[in-house]
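What follows is the content of entry_23.cif (mmCIF, C-alpha atoms).
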data_start
#
loop_
_atom_site.label_atom_id
_atom_site.label_comp_id
_atom_site.auth_asym_id
_atom_site.auth_seq_id
_atom_site.Cartn_x
_atom_site.Cartn_y
_atom_site.Cartn_z
CA MET A 1 52.96 -66.98 -28.77
CA GLU A 2 50.25 -64.42 -29.54
CA LYS A 3 50.46 -61.23 -27.49
CA ARG A 4 47.71 -60.89 -24.90
CA GLN A 5 45.93 -57.69 -25.90
CA LEU A 6 43.51 -55.46 -24.02
CA LYS A 7 40.84 -55.82 -26.73
CA ASN A 8 40.46 -59.51 -25.82
CA PHE A 9 39.65 -58.77 -22.17
CA VAL A 10 37.05 -55.98 -22.20
CA ASN A 11 33.87 -58.02 -22.53
CA ASN A 12 33.81 -59.30 -18.95
CA SER A 13 34.73 -57.48 -15.73
CA GLU A 14 36.22 -60.59 -14.12
CA VAL A 15 38.67 -61.28 -16.92
CA LEU A 16 39.52 -57.57 -17.27
CA TYR A 17 40.30 -57.35 -13.55
CA SER A 18 42.58 -60.38 -13.80
CA TYR A 19 44.26 -58.96 -16.91
CA LEU A 20 45.08 -55.66 -15.18
CA LYS A 21 46.64 -57.53 -12.26
CA GLU A 22 48.58 -59.83 -14.57
CA LYS A 23 50.05 -56.88 -16.47
CA ALA A 24 50.96 -55.07 -13.27
CA VAL A 25 53.34 -57.73 -11.95
CA ASN A 26 55.33 -57.89 -15.18
CA HIS A 27 56.50 -54.32 -15.66
CA PRO A 28 60.26 -53.68 -16.09
CA CYS A 29 60.15 -50.70 -13.72
CA TYR A 30 58.03 -48.98 -11.07
CA LYS A 31 58.76 -45.26 -10.82
CA TYR A 32 57.62 -43.30 -7.78
CA TYR A 33 57.77 -39.49 -8.16
CA SER A 34 57.86 -37.28 -5.07
CA SER A 35 60.13 -34.79 -3.31
CA LEU A 36 63.64 -35.82 -2.32
CA ASP A 37 62.96 -35.04 1.34
CA ARG A 38 59.95 -37.34 1.39
CA ILE A 39 61.81 -40.14 -0.36
CA GLU A 40 64.73 -39.90 2.06
CA GLN A 41 62.55 -39.64 5.17
CA ASN A 42 60.00 -42.31 4.28
CA PHE A 43 61.93 -44.91 2.29
CA MET A 44 65.58 -44.47 3.13
CA ARG A 45 65.26 -43.72 6.84
CA THR A 46 62.46 -46.15 7.69
CA GLN A 47 63.13 -48.79 4.99
CA SER A 48 59.38 -49.02 4.47
CA LEU A 49 56.59 -48.20 2.04
CA PHE A 50 53.60 -46.12 3.13
CA LEU A 51 50.18 -46.67 1.50
CA SER A 52 47.38 -44.13 1.97
CA MET A 53 43.61 -44.26 1.61
CA GLY A 54 43.91 -41.64 -1.13
CA SER A 55 42.40 -38.61 0.63
CA LYS A 56 45.11 -36.30 -0.77
CA TRP A 57 45.20 -37.65 -4.32
CA ASN A 58 44.73 -35.09 -7.08
CA ASP A 59 41.89 -36.98 -8.79
CA ARG A 60 38.92 -36.61 -6.45
CA SER A 61 36.68 -39.11 -8.26
CA ASP A 62 39.50 -41.66 -8.08
CA PHE A 63 39.68 -41.26 -4.30
CA GLU A 64 35.91 -41.55 -3.94
CA ARG A 65 35.81 -44.75 -5.98
CA PHE A 66 38.91 -46.20 -4.34
CA ASN A 67 37.32 -46.13 -0.89
CA ASP A 68 33.61 -46.24 -1.62
CA ASP A 69 31.57 -46.11 1.60
CA GLN A 70 29.59 -49.12 0.36
CA LEU A 71 32.66 -51.37 0.34
CA SER A 72 33.22 -53.79 3.21
CA ILE A 73 36.97 -53.37 2.82
CA ALA A 74 39.31 -50.44 3.36
CA ARG A 75 41.83 -49.90 0.59
CA PHE A 76 45.30 -48.46 0.93
CA GLY A 77 47.33 -47.64 -2.17
CA MET A 78 50.66 -46.37 -3.45
CA CYS A 79 50.97 -45.15 -7.04
CA PHE A 80 53.80 -45.89 -9.48
CA SER A 81 54.44 -45.17 -13.14
CA TYR A 82 55.52 -48.11 -15.29
CA SER A 83 56.81 -45.91 -18.13
CA LYS A 84 60.28 -47.06 -19.15
CA SER A 85 61.42 -43.48 -19.75
CA GLU A 86 61.11 -40.47 -17.47
CA SER A 87 57.87 -38.53 -17.82
CA VAL A 88 58.02 -34.77 -18.42
CA PRO A 89 54.45 -34.18 -17.04
CA MET A 90 55.30 -36.18 -13.92
CA TRP A 91 58.47 -34.17 -13.38
CA MET A 92 56.51 -30.94 -13.78
CA LEU A 93 54.00 -32.09 -11.17
CA TYR A 94 56.50 -33.31 -8.60
CA GLY A 95 59.60 -31.26 -9.40
CA GLY A 96 57.92 -27.97 -10.23
CA LEU A 97 57.47 -25.13 -7.76
CA LYS A 98 60.10 -26.01 -5.16
CA HIS A 99 62.64 -27.57 -7.53
CA THR A 100 63.23 -30.42 -5.08
CA GLY A 101 61.63 -33.30 -6.98
CA ALA A 102 63.05 -36.79 -7.15
CA MET A 103 62.05 -40.22 -8.36
CA ILE A 104 62.86 -43.66 -7.06
CA ASP A 105 62.81 -46.46 -9.62
CA PHE A 106 61.88 -49.67 -7.82
CA PRO A 107 63.23 -52.76 -9.60
CA PRO A 108 60.71 -55.47 -10.59
CA LYS A 109 62.38 -58.07 -8.38
CA MET A 110 61.76 -55.88 -5.37
CA MET A 111 58.13 -55.21 -6.26
CA LYS A 112 57.45 -58.92 -6.69
CA SER A 113 59.01 -59.57 -3.30
CA ILE A 114 56.84 -56.88 -1.67
CA VAL A 115 53.71 -58.54 -3.06
CA ASN A 116 54.76 -62.14 -2.40
CA ASP A 117 56.81 -61.95 0.79
CA THR A 118 55.07 -59.37 2.98
CA GLU A 119 54.01 -61.23 6.14
CA LYS A 120 52.80 -58.33 8.26
CA VAL A 121 51.54 -54.78 7.66
CA TYR A 122 51.09 -51.97 10.17
CA LEU A 123 48.21 -49.49 10.49
CA GLY A 124 48.92 -45.99 11.74
CA TYR A 125 49.10 -42.30 10.94
CA PHE A 126 51.64 -39.51 10.78
CA LYS A 127 51.85 -36.97 13.57
CA ASP A 128 54.52 -34.27 13.66
CA GLY A 129 56.41 -36.13 10.98
CA GLU A 130 56.51 -39.41 12.91
CA TYR A 131 54.58 -42.60 12.17
CA LYS A 132 52.31 -43.66 15.04
CA GLU A 133 51.22 -47.30 14.95
CA CYS A 134 47.72 -48.31 16.06
CA GLY A 135 47.45 -51.87 14.76
CA ASN A 136 49.17 -54.64 12.82
CA TYR A 137 47.89 -57.52 10.71
CA GLN A 138 49.21 -60.91 9.71
CA SER A 139 49.13 -62.16 6.11
CA ASN A 140 45.80 -63.98 6.63
CA GLU A 141 44.15 -60.68 7.60
CA PHE A 142 44.97 -58.60 4.52
CA ASN A 143 45.16 -58.89 0.74
CA ILE A 144 48.10 -57.35 -1.12
CA PHE A 145 48.48 -57.08 -4.88
CA ILE A 146 49.44 -54.70 -7.67
CA GLN A 147 47.07 -53.61 -10.42
CA ASP A 148 47.27 -51.39 -13.51
CA VAL A 149 44.96 -48.38 -13.77
CA LEU A 150 42.53 -48.35 -16.69
CA TYR A 151 41.91 -44.95 -18.32
CA PHE A 152 38.53 -44.23 -19.91
CA GLY A 153 36.66 -41.59 -21.88
CA ASP A 154 33.36 -41.24 -23.73
CA SER A 155 33.20 -43.25 -26.93
CA SER A 156 34.53 -41.39 -29.95
CA LYS A 157 32.14 -43.14 -32.32
CA GLU A 158 28.53 -42.00 -32.67
CA LYS A 159 27.30 -45.57 -33.06
CA ASN A 160 28.83 -46.40 -29.67
CA MET A 161 27.21 -43.56 -27.74
CA GLY A 162 26.67 -44.57 -24.12
CA THR A 163 29.81 -46.68 -24.14
CA TYR A 164 33.43 -45.78 -23.46
CA TYR A 165 36.87 -46.13 -24.93
CA VAL A 166 39.51 -47.43 -22.59
CA LYS A 167 43.29 -47.17 -22.62
CA ARG A 168 46.17 -48.99 -20.96
CA SER A 169 49.72 -48.15 -22.07
CA ASP A 170 49.61 -47.93 -25.89
CA GLU A 171 46.43 -50.02 -26.26
CA THR A 172 43.05 -48.38 -26.86
CA VAL A 173 39.67 -50.09 -27.26
CA ASP A 174 36.40 -48.34 -28.14
CA GLY A 175 32.80 -49.33 -27.42
CA VAL A 176 33.31 -50.79 -23.93
CA SER A 177 30.27 -51.08 -21.68
CA MET A 178 30.17 -49.41 -18.26
CA ASN A 179 28.78 -52.73 -17.01
CA VAL A 180 32.32 -54.02 -17.50
CA ILE A 181 34.51 -51.13 -16.35
CA GLY A 182 32.04 -50.14 -13.63
CA ASP A 183 33.22 -53.02 -11.44
CA ASN A 184 34.58 -51.32 -8.29
CA ARG A 185 37.57 -53.67 -8.24
CA ILE A 186 38.82 -52.09 -11.48
CA ILE A 187 40.85 -48.97 -10.74
CA LYS A 188 39.98 -46.41 -13.40
CA LYS A 189 40.67 -42.76 -14.10
CA ARG A 190 39.62 -40.34 -16.82
CA ILE A 191 41.67 -40.35 -20.01
CA GLY A 192 43.32 -37.02 -19.15
CA TRP A 193 45.48 -38.86 -16.62
CA SER A 194 46.76 -41.47 -19.06
CA TYR A 195 50.23 -39.90 -19.29
CA GLU A 196 50.87 -41.41 -15.84
CA ASN A 197 50.86 -45.03 -17.02
CA GLU A 198 49.93 -45.81 -13.44
CA THR A 199 50.08 -49.09 -11.62
CA ARG A 200 49.04 -49.25 -8.00
CA LEU A 201 50.22 -51.31 -5.06
CA ILE A 202 47.12 -52.08 -2.97
CA VAL A 203 46.45 -53.50 0.48
CA GLU A 204 42.88 -54.43 1.37
CA ILE A 205 41.69 -55.03 4.93
CA ASN A 206 38.20 -55.79 6.17
CA LYS A 207 36.73 -52.70 7.86
CA GLU A 208 35.54 -54.74 10.82
CA ILE A 209 39.11 -55.79 11.55
CA ILE A 210 40.30 -52.18 11.42
CA ASN A 211 37.44 -50.97 13.61
CA ASN A 212 38.61 -53.41 16.29
CA SER A 213 42.16 -51.99 16.25
CA ASP A 214 42.48 -49.80 19.32
CA GLY A 215 39.20 -48.09 18.55
CA ILE A 216 40.36 -46.77 15.17
CA GLY A 217 37.53 -46.64 12.62
CA THR A 218 37.43 -46.07 8.87
CA ASN A 219 34.95 -43.19 8.69
CA SER A 220 35.71 -39.89 6.98
CA ALA A 221 37.54 -38.56 10.04
CA ASN A 222 40.14 -41.28 9.65
CA THR A 223 41.02 -41.09 5.96
CA SER A 224 44.56 -40.13 6.98
CA LEU A 225 45.19 -43.70 8.11
CA ILE A 226 48.32 -45.19 6.56
CA ILE A 227 49.53 -48.75 6.00
CA LYS A 228 53.25 -49.29 6.54
CA ILE A 229 55.05 -52.16 4.79
CA PRO A 230 58.58 -52.72 6.14
CA PHE A 231 61.26 -54.23 3.90
CA ASP A 232 62.08 -56.87 6.54
CA ASN A 233 61.56 -59.88 4.29
CA ILE A 234 63.00 -58.35 1.12
CA GLN A 235 66.57 -59.26 0.34
CA ASP A 236 69.34 -57.42 -1.52
CA ILE A 237 67.84 -53.96 -1.16
CA SER A 238 69.92 -51.07 -2.49
CA LEU A 239 67.62 -48.13 -3.08
CA SER A 240 70.11 -45.25 -2.96
CA ASP A 241 71.33 -45.97 -6.48
CA LYS A 242 67.72 -46.02 -7.72
CA ILE A 243 67.04 -42.38 -6.79
CA VAL A 244 66.98 -39.84 -9.64
CA LEU A 245 66.91 -36.06 -9.14
CA ALA A 246 64.43 -33.94 -11.11
CA PRO A 247 65.74 -32.11 -14.20
CA ASN A 248 65.31 -28.76 -12.43
CA TYR A 249 66.54 -29.90 -9.02
CA ASN A 250 68.36 -27.04 -7.28
CA GLY A 251 68.53 -28.20 -3.68
CA CYS A 252 71.59 -29.17 -1.67
CA SER A 253 74.02 -31.39 -3.54
CA ARG A 254 73.23 -35.09 -3.21
CA ASP A 255 75.11 -38.11 -4.41
CA TYR A 256 72.21 -39.35 -6.53
CA ARG A 257 71.75 -39.86 -10.25
CA LYS A 258 70.79 -36.89 -12.38
CA SER A 259 67.78 -37.01 -14.63
CA ASN A 260 68.38 -37.91 -18.27
CA LEU A 261 66.52 -34.67 -19.03
CA THR A 262 68.84 -32.44 -17.00
CA ARG A 263 69.69 -29.26 -18.98
CA GLU A 264 67.14 -30.27 -21.63
CA LEU A 265 64.08 -28.84 -19.89
CA GLU A 266 63.43 -25.36 -18.59
CA TRP A 267 60.25 -24.40 -16.82
CA ASP A 268 59.08 -22.13 -14.05
CA LEU A 269 55.57 -22.96 -12.93
CA CYS A 270 55.44 -19.79 -10.85
CA ASP A 271 56.40 -17.37 -13.63
CA SER A 272 52.97 -15.71 -13.48
CA CYS A 273 52.58 -15.75 -9.70
CA CYS A 274 51.59 -12.39 -8.21
CA PHE A 275 54.93 -11.80 -6.51
CA ARG A 276 56.79 -12.55 -9.76
CA THR A 277 54.47 -10.23 -11.68
CA ALA A 278 55.09 -7.48 -9.17
CA GLU A 279 58.81 -7.81 -9.66
CA LYS A 280 58.41 -7.15 -13.40
CA ILE A 281 56.40 -3.94 -13.01
CA GLU A 282 58.49 -0.90 -13.81
CA PRO A 283 58.61 1.71 -10.99
#
Starting from the file, give its structure as structure tokens.
Amino acid sequence: MEKRQLKNFVNNSEVLYSYLKEKAVNHPCYKYYSSLDRIEQNFMRTQSLFLSMGSKWNDRSDFERFNDDQLSIARFGMCFSYSKSESVPMWMLYGGLKHTGAMIDFPPKMMKSIVNDTEKVYLGYFKDGEYKECGNYQSNEFNIFIQDVLYFGDSSKEKNMGTYYVKRSDETVDGVSMNVIGDNRIIKKRIGWSYENETRLIVEINKEIINNSDGIGTNSANTSLIIKIPFDNIQDISLSDKIVLAPNYNGCSRDYRKSNLTRELEWDLCDSCCFRTAEKIEP
């Protein structure tokens, strides 16, 4: 059977959108990088996933597109990397300054169950470290799916000026029209982020439904709203053996797997910080 390639799906936004969703549900792994404390508190203690509206994401244009004010729906997302191997840039981002990074590698069976078996989601927010619920929705009131991110940059060929090249995993296609990738259903980021190999779990809810939930609206003051997805309907969960400590982890000893890159990487992202510089000045 001929491999389904990105180049065959970039001439129409509808087929490209479907292609990115199709690819997303077939990855062999879904890596979530964070701090160990956050992983233990959010996933292990509550046995739930938490999806945000993106207000604290590093890529500002991504956040603005993800929840465009013109959309009739509110989007909540959680970001994963589908890279089979550990990512050095991701470790440096999430295991850098405090040396407390960790990653949880969700198995594909579990991700499929989250998408297919979630019957209810909960709307709320965090206050003083605790999740406060302000609404809940049945399966007929929300849409849940997973979708790969498409990375894009200006066309590298002079004859294709005004068009873009796009990238997903190891596939790159040049000369793609913004009329195709401009569809707001297609999650896209600039090419500089392509090391992430990101796929995103997404929950969509009509804004009118949210606005009727205990007076909670979706305006800019409420971008800290969070969707909680409990693991209630997911069977055979064993997440503790899926947690991997960052290569430079130096926190309290934990009975988790060590990174394959442990003792192979050495970095100090605060080497040039003012207090470090002061320490090096001779009296």
For a cutoff of 12 Å around the file-coordinate point (66.8, -37.9, -17.4), which residues qualify once you count all atoms listed in the file? I'd like the result as a compact mmCIF listing (two decimals) with C-alpha atoms, keeping the file's coordinate frame.
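File result-v4.txt, as written:
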# COMPACT_ATOMS: atom_id res chain seq x y z
CA LYS A 84 60.28 -47.06 -19.15
CA SER A 85 61.42 -43.48 -19.75
CA GLU A 86 61.11 -40.47 -17.47
CA SER A 87 57.87 -38.53 -17.82
CA VAL A 88 58.02 -34.77 -18.42
CA TRP A 91 58.47 -34.17 -13.38
CA ALA A 102 63.05 -36.79 -7.15
CA MET A 103 62.05 -40.22 -8.36
CA ILE A 243 67.04 -42.38 -6.79
CA VAL A 244 66.98 -39.84 -9.64
CA LEU A 245 66.91 -36.06 -9.14
CA ALA A 246 64.43 -33.94 -11.11
CA PRO A 247 65.74 -32.11 -14.20
CA ASN A 248 65.31 -28.76 -12.43
CA TYR A 249 66.54 -29.90 -9.02
CA ARG A 257 71.75 -39.86 -10.25
CA LYS A 258 70.79 -36.89 -12.38
CA SER A 259 67.78 -37.01 -14.63
CA ASN A 260 68.38 -37.91 -18.27
CA LEU A 261 66.52 -34.67 -19.03
CA THR A 262 68.84 -32.44 -17.00
CA ARG A 263 69.69 -29.26 -18.98
CA GLU A 264 67.14 -30.27 -21.63
CA LEU A 265 64.08 -28.84 -19.89
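Proximity ranking of A:Pro28, A:Gly182, A:Ser61, A:Ala74 relative to Asn206 of chain A places A:Ala74 first, based on only C-alpha atoms.
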Translate the PyMOL selection byres ((chain A and resi 32) around 10) into a concrete residue list for this structure, as a PyMOL selection string. chain A and resi 29-31+33-35+39+78-82+90+102-106+198+243
Can you find the residues with an atom no farther than 8 Å from (60.5, -30.0, -3.3), counting all atoms listed in the file, and report them as a PyMOL selection string? chain A and resi 34-37+94-101
Writer output for current selection, C-alpha atoms, as a PDB file, in the coordinates of the input:
ATOM      1  CA  SER A  34      57.860 -37.280  -5.070  1.00  0.00           C
ATOM      2  CA  SER A  35      60.130 -34.790  -3.310  1.00  0.00           C
ATOM      3  CA  LEU A  36      63.640 -35.820  -2.320  1.00  0.00           C
ATOM      4  CA  ASP A  37      62.960 -35.040   1.340  1.00  0.00           C
ATOM      5  CA  TYR A  94      56.500 -33.310  -8.600  1.00  0.00           C
ATOM      6  CA  GLY A  95      59.600 -31.260  -9.400  1.00  0.00           C
ATOM      7  CA  GLY A  96      57.920 -27.970 -10.230  1.00  0.00           C
ATOM      8  CA  LEU A  97      57.470 -25.130  -7.760  1.00  0.00           C
ATOM      9  CA  LYS A  98      60.100 -26.010  -5.160  1.00  0.00           C
ATOM     10  CA  HIS A  99      62.640 -27.570  -7.530  1.00  0.00           C
ATOM     11  CA  THR A 100      63.230 -30.420  -5.080  1.00  0.00           C
ATOM     12  CA  GLY A 101      61.630 -33.300  -6.980  1.00  0.00           C
TER      13      GLY A 101
END
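Checking A:Leu150, A:Ile202, A:Ile209, A:Leu6 one by one against Ile181 of chain A, counting all atoms listed in the file, you find the shortest gap at A:Leu150.
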What is the distance, in Å and to one decimal place, between atom CA of Asn184 of chain A and atom CA of Ser55 of chain A?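 About the pair atom CA of Asn184 of chain A and atom CA of Ser55 of chain A: they are 17.4 Å apart.
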I need the residue set behind the PyMOL selection byres ((chain A and resi 71) around 12) for this file; please write it as number ranges by chain. A: 64-70, 72-75, 183-185, 204-208, 218-219
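Applied to this file, the PyMOL selection byres ((chain A and resi 51) around 6) selects the residues Phe50, Ser52, Phe76, Gly77, Met78, Ile226 and Ile227 of chain A.
Between atom CA of Val173 of chain A and atom CA of Pro89 of chain A the separation is 24.0 Å.
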Between atom CA of Leu49 of chain A and atom CA of Ser240 of chain A - distance in Å to one decimal: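 Between atom CA of Ser240 of chain A and atom CA of Leu49 of chain A the gap is 14.7 Å.
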Using only C-alpha atoms, which of the listed residues (A:His27, A:Arg38, A:Lys188, A:Lys127) sits closest to Lys109 of chain A? A:His27
Distance query Ser48 of chain A at most 8 Å, all atoms listed in the file, self and fewer than 4 positions along chain excluded, as a list of chain:residue names: A:Asn42, A:Phe43, A:Met44, A:Lys228, A:Ile229, A:Pro230, A:Phe231
When you count only C-alpha atoms, which of these residues is closest to Glu196 of chain A: A:Asp117, A:Ser83, A:Lys21, A:Gly162?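 Among the listed residues, A:Ser83 lies closest to Glu196 of chain A.
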Report the closest atom pair, with its distance in Å rounded to one decimal, for each residue of segment 96-124 of chain A that has an atom no farther than 10 Å from segment 140-148 of chain A; count all atoms listed in the file, sort by chain and then rising residue number, and write it as JSON lines.
{"residue": "A:Met111", "atom": "CA", "partner": "A:Ile146", "partner_atom": "CA", "distance": 8.8}
{"residue": "A:Lys112", "atom": "CA", "partner": "A:Ile146", "partner_atom": "CA", "distance": 9.1}
{"residue": "A:Ile114", "atom": "CA", "partner": "A:Ile144", "partner_atom": "CA", "distance": 8.8}
{"residue": "A:Val115", "atom": "CA", "partner": "A:Phe145", "partner_atom": "CA", "distance": 5.7}
{"residue": "A:Asn116", "atom": "CA", "partner": "A:Ile144", "partner_atom": "CA", "distance": 8.3}
{"residue": "A:Thr118", "atom": "CA", "partner": "A:Ile144", "partner_atom": "CA", "distance": 8.3}
{"residue": "A:Glu119", "atom": "CA", "partner": "A:Asn140", "partner_atom": "CA", "distance": 8.7}
{"residue": "A:Lys120", "atom": "CA", "partner": "A:Phe142", "partner_atom": "CA", "distance": 8.7}
{"residue": "A:Val121", "atom": "CA", "partner": "A:Phe142", "partner_atom": "CA", "distance": 8.2}
Nearest candidate to Lys189 of chain A (options A:Asp62, A:Asp170, A:Glu22, A:Glu266; using only C-alpha atoms):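 For Lys189 of chain A, the nearest of the candidates is A:Asp62.
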Residue among A:Leu93, A:Met110, A:Leu225, A:Leu201 lying closest to Cys134 of chain A, counting all atoms listed in the file: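 Using all atoms listed in the file, the shortest distance to Cys134 of chain A belongs to A:Leu225.
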